[in-house]
Amino acid sequence: MPKNPNQKKKLYYLYRILHDHTDDSHGLTLPQIQEKLASYEIVADRKSLYDDIETLRELGYDVIMEKVGRNSLYYLGTKDFEIAELKLLVDAIQSSKFITIKKSRELIKKLTGLVSVYEASQLEREVVVQGRIKTMNESIYYVVDELHTAISRKRMIRFEYLKWDLNKELVQKRDKKYEVSPWALTWDDENYYMIAYDAAAGKLKHYRVDKMRKIEILDRHRHGEKEFSKYDLAEYSRMNFGMFGGERVKVKLRFKNDLVGVLIDRFGKDITIRTTDDPDWAEANVDVAMSNQFLGWIFSLGEGIRIISPGEAADKYLSELSAIKDIYQDN
């Protein structure tokens, strides 16, 4: 029989010691393991430790023994996450706009519990939380949970939608609440969006999740299945610049060869690229949502790109440039 109740917990604490205090670069000798078990008021002789380590192996834990000089060092090899994987997750959390600073710290602290104390220090990455633009909506996690519930139950929702005012406060965009049919959640430009069908407008729309509050799941089946089935979300994100929608247009662009990477990054490798009579220039047809954000993207590439067709798109670009020029001349 166990000498004291804590002996029943020995296998668990042995695993925790190996998990928290060992990795590929740091091992523990049996005396060191015994010392750490003693801090939990657990007494363990060498023979019982050999048996316990073997039991952990039988349970699927990768306990490795390595000879270093005259010492036998034990460490936990394979874990649920590799340190490189956790570094990627930490960077994603820290750089994400829709996760608050407070929640970022909480999530990262939980991630550090998945590796040894030595590896945890590596998760204090150079991509720091301080100074990054972060949402201040602490309730966003509950909003996301409600949206997932509504989508899985195929129900409509009602909610308040917010906007920034000049006092830097989030206020209701309109007095009346929105009622839409949610279909999917997507991430674009570090923001979380809900794709939903607006029956009154007869089309799909998107909403910033961090600007939604007071979600109500209605006892009404959602609409828009036919419209949503036509949409490829990946294509939708590529076509909409910053999720600013507009009329879908196929645009022919002529661009300098050294901008080919910019177009592939924006529209993907499936676009067809053709050479022109000028060896320094090429052309491509792309689908875009015609918006000022798209025109702004064209402007950001300067003299290295031109809208060739349709003529209406080129005219709209010239009209916007002329209007901006007039504003500055008026001043």
# chains A, B, ... in the order shown; residues from 1 in each chain; ligands from 1

call {"tool": "residues_around", "arguments": {"residues": "range 211-222 of chain A", "least_positions_apart": "4", "cutoff": "6 Å", "atoms": "only C-alpha atoms", "output": "MDAnalysis selection string"}}
result
chainID A and resid 154:162 181

call {"tool": "residues_around", "arguments": {"residues": "Ala200 in chain A", "least_positions_apart": "3", "cutoff": "9 Å", "atoms": "only C-alpha atoms", "output": "ChimeraX atom specification"}}
result
/A:180,197,203

call {"tool": "residues_around", "arguments": {"residues": "Ser39 in chain A", "least_positions_apart": "6", "cutoff": "12 Å", "atoms": "only C-alpha atoms", "output": "VMD selection string"}}
result
chain A and resid 6 10 13 to 14 17 32 to 33

call {"tool": "write_last_selection", "arguments": {"atoms": "N, CA and C atoms", "output": "short mmCIF file (atom, residue, chain, number, x, y, z; two decimals), in the first residue's frame"}}
result
data_model
loop_
_atom_site.label_atom_id
_atom_site.label_comp_id
_atom_site.auth_asym_id
_atom_site.auth_seq_id
_atom_site.Cartn_x
_atom_site.Cartn_y
_atom_site.Cartn_z
N ASN A 6 -0.03 10.94 -1.16
CA ASN A 6 0.67 11.57 -2.26
C ASN A 6 1.33 10.56 -3.19
N LYS A 10 2.22 9.96 -7.76
CA LYS A 10 3.62 9.97 -8.17
C LYS A 10 3.77 9.96 -9.69
N TYR A 13 3.01 13.42 -11.16
CA TYR A 13 4.05 14.42 -10.90
C TYR A 13 5.34 14.09 -11.61
N LEU A 14 5.62 12.82 -11.80
CA LEU A 14 6.81 12.44 -12.58
C LEU A 14 6.68 12.96 -14.01
N ILE A 17 7.12 16.79 -14.02
CA ILE A 17 8.53 17.16 -13.85
C ILE A 17 9.27 17.02 -15.17
N GLN A 32 18.08 13.91 -9.26
CA GLN A 32 17.40 15.20 -9.43
C GLN A 32 15.89 15.02 -9.51
N ILE A 33 15.45 13.94 -10.18
CA ILE A 33 14.01 13.65 -10.24
C ILE A 33 13.48 13.34 -8.85
#

call {"tool": "atom_distance", "arguments": {"atom1": "CA of Gly296 in chain A", "atom2": "CA of Ala282 in chain A"}}
result
20.7 Å

call {"tool": "atom_distance", "arguments": {"atom1": "CA of Ser95 in chain A", "atom2": "CA of Leu123 in chain A"}}
result
13.9 Å

call {"tool": "select_by_dssp", "arguments": {"residues": "range 53-244 of chain A", "states": "alpha helix (DSSP H)", "output": "MDAnalysis selection string"}}
result
chainID A and resid 53:58 83:95 101:112 117:120 140:153 225:229 233:239

call {"tool": "decode", "arguments": {"residues": "range 19-54 of chain A", "atoms": "N, CA and C atoms", "output": "compact mmCIF listing (two decimals), in the first residue's frame"}}
result
# COMPACT_ATOMS: atom_id res chain seq x y z
N HIS A 19 7.94 16.98 -18.14
CA HIS A 19 7.37 17.92 -19.11
C HIS A 19 7.88 19.33 -18.88
N ASP A 20 7.88 19.78 -17.62
CA ASP A 20 8.17 21.17 -17.31
C ASP A 20 9.66 21.48 -17.20
N HIS A 21 10.48 20.46 -16.90
CA HIS A 21 11.89 20.73 -16.59
C HIS A 21 12.88 20.02 -17.51
N THR A 22 12.37 19.40 -18.56
CA THR A 22 13.30 18.74 -19.49
C THR A 22 12.88 19.02 -20.93
N ASP A 23 13.85 18.94 -21.82
CA ASP A 23 13.61 19.00 -23.26
C ASP A 23 14.83 18.39 -23.94
N ASP A 24 14.93 18.55 -25.25
CA ASP A 24 16.04 17.93 -25.97
C ASP A 24 17.41 18.38 -25.48
N SER A 25 17.47 19.56 -24.88
CA SER A 25 18.75 20.11 -24.44
C SER A 25 18.95 20.07 -22.94
N HIS A 26 17.93 19.65 -22.20
CA HIS A 26 18.01 19.65 -20.74
C HIS A 26 17.41 18.36 -20.20
N GLY A 27 18.22 17.58 -19.51
CA GLY A 27 17.76 16.34 -18.91
C GLY A 27 17.95 16.36 -17.40
N LEU A 28 17.37 15.38 -16.73
CA LEU A 28 17.49 15.25 -15.28
C LEU A 28 18.01 13.87 -14.93
N THR A 29 18.88 13.80 -13.93
CA THR A 29 19.32 12.50 -13.41
C THR A 29 18.24 11.97 -12.48
N LEU A 30 18.35 10.69 -12.14
CA LEU A 30 17.37 10.13 -11.20
C LEU A 30 17.41 10.84 -9.85
N PRO A 31 18.60 11.14 -9.28
CA PRO A 31 18.61 11.88 -8.01
C PRO A 31 17.91 13.24 -8.12
N GLN A 32 18.08 13.91 -9.26
CA GLN A 32 17.40 15.20 -9.43
C GLN A 32 15.89 15.02 -9.51
N ILE A 33 15.45 13.94 -10.18
CA ILE A 33 14.01 13.65 -10.24
C ILE A 33 13.48 13.34 -8.85
N GLN A 34 14.27 12.56 -8.08
CA GLN A 34 13.85 12.25 -6.70
C GLN A 34 13.72 13.52 -5.87
N GLU A 35 14.66 14.44 -6.06
CA GLU A 35 14.62 15.70 -5.31
C GLU A 35 13.38 16.51 -5.65
N LYS A 36 13.02 16.56 -6.93
CA LYS A 36 11.84 17.32 -7.32
C LYS A 36 10.56 16.63 -6.84
N LEU A 37 10.54 15.31 -6.85
CA LEU A 37 9.38 14.60 -6.31
C LEU A 37 9.24 14.86 -4.81
N ALA A 38 10.35 14.99 -4.13
CA ALA A 38 10.32 15.24 -2.69
C ALA A 38 9.66 16.57 -2.38
N SER A 39 9.76 17.55 -3.32
CA SER A 39 9.11 18.84 -3.09
C SER A 39 7.59 18.71 -3.07
N TYR A 40 7.08 17.61 -3.62
CA TYR A 40 5.65 17.30 -3.57
C TYR A 40 5.34 16.28 -2.45
N GLU A 41 6.32 16.08 -1.58
CA GLU A 41 6.20 15.12 -0.46
C GLU A 41 5.97 13.71 -0.98
N ILE A 42 6.70 13.37 -2.04
CA ILE A 42 6.62 12.03 -2.61
C ILE A 42 8.00 11.40 -2.54
N VAL A 43 8.06 10.23 -1.92
CA VAL A 43 9.31 9.49 -1.80
C VAL A 43 9.36 8.44 -2.90
N ALA A 44 10.51 8.35 -3.60
CA ALA A 44 10.63 7.40 -4.69
C ALA A 44 12.03 6.80 -4.71
N ASP A 45 12.13 5.47 -4.66
CA ASP A 45 13.45 4.84 -4.79
C ASP A 45 13.75 4.63 -6.28
N ARG A 46 15.00 4.30 -6.57
CA ARG A 46 15.44 4.20 -7.96
C ARG A 46 14.65 3.13 -8.72
N LYS A 47 14.44 1.97 -8.07
CA LYS A 47 13.76 0.88 -8.76
C LYS A 47 12.33 1.28 -9.16
N SER A 48 11.61 1.94 -8.24
CA SER A 48 10.23 2.33 -8.55
C SER A 48 10.22 3.39 -9.67
N LEU A 49 11.25 4.23 -9.70
CA LEU A 49 11.32 5.23 -10.76
C LEU A 49 11.54 4.58 -12.12
N TYR A 50 12.40 3.55 -12.16
CA TYR A 50 12.59 2.82 -13.42
C TYR A 50 11.25 2.27 -13.90
N ASP A 51 10.49 1.67 -12.96
CA ASP A 51 9.18 1.10 -13.32
C ASP A 51 8.21 2.19 -13.79
N ASP A 52 8.23 3.35 -13.10
CA ASP A 52 7.31 4.45 -13.46
C ASP A 52 7.66 5.03 -14.84
N ILE A 53 8.94 5.17 -15.11
CA ILE A 53 9.36 5.68 -16.41
C ILE A 53 8.93 4.74 -17.52
N GLU A 54 9.06 3.44 -17.26
CA GLU A 54 8.64 2.45 -18.25
C GLU A 54 7.13 2.52 -18.45
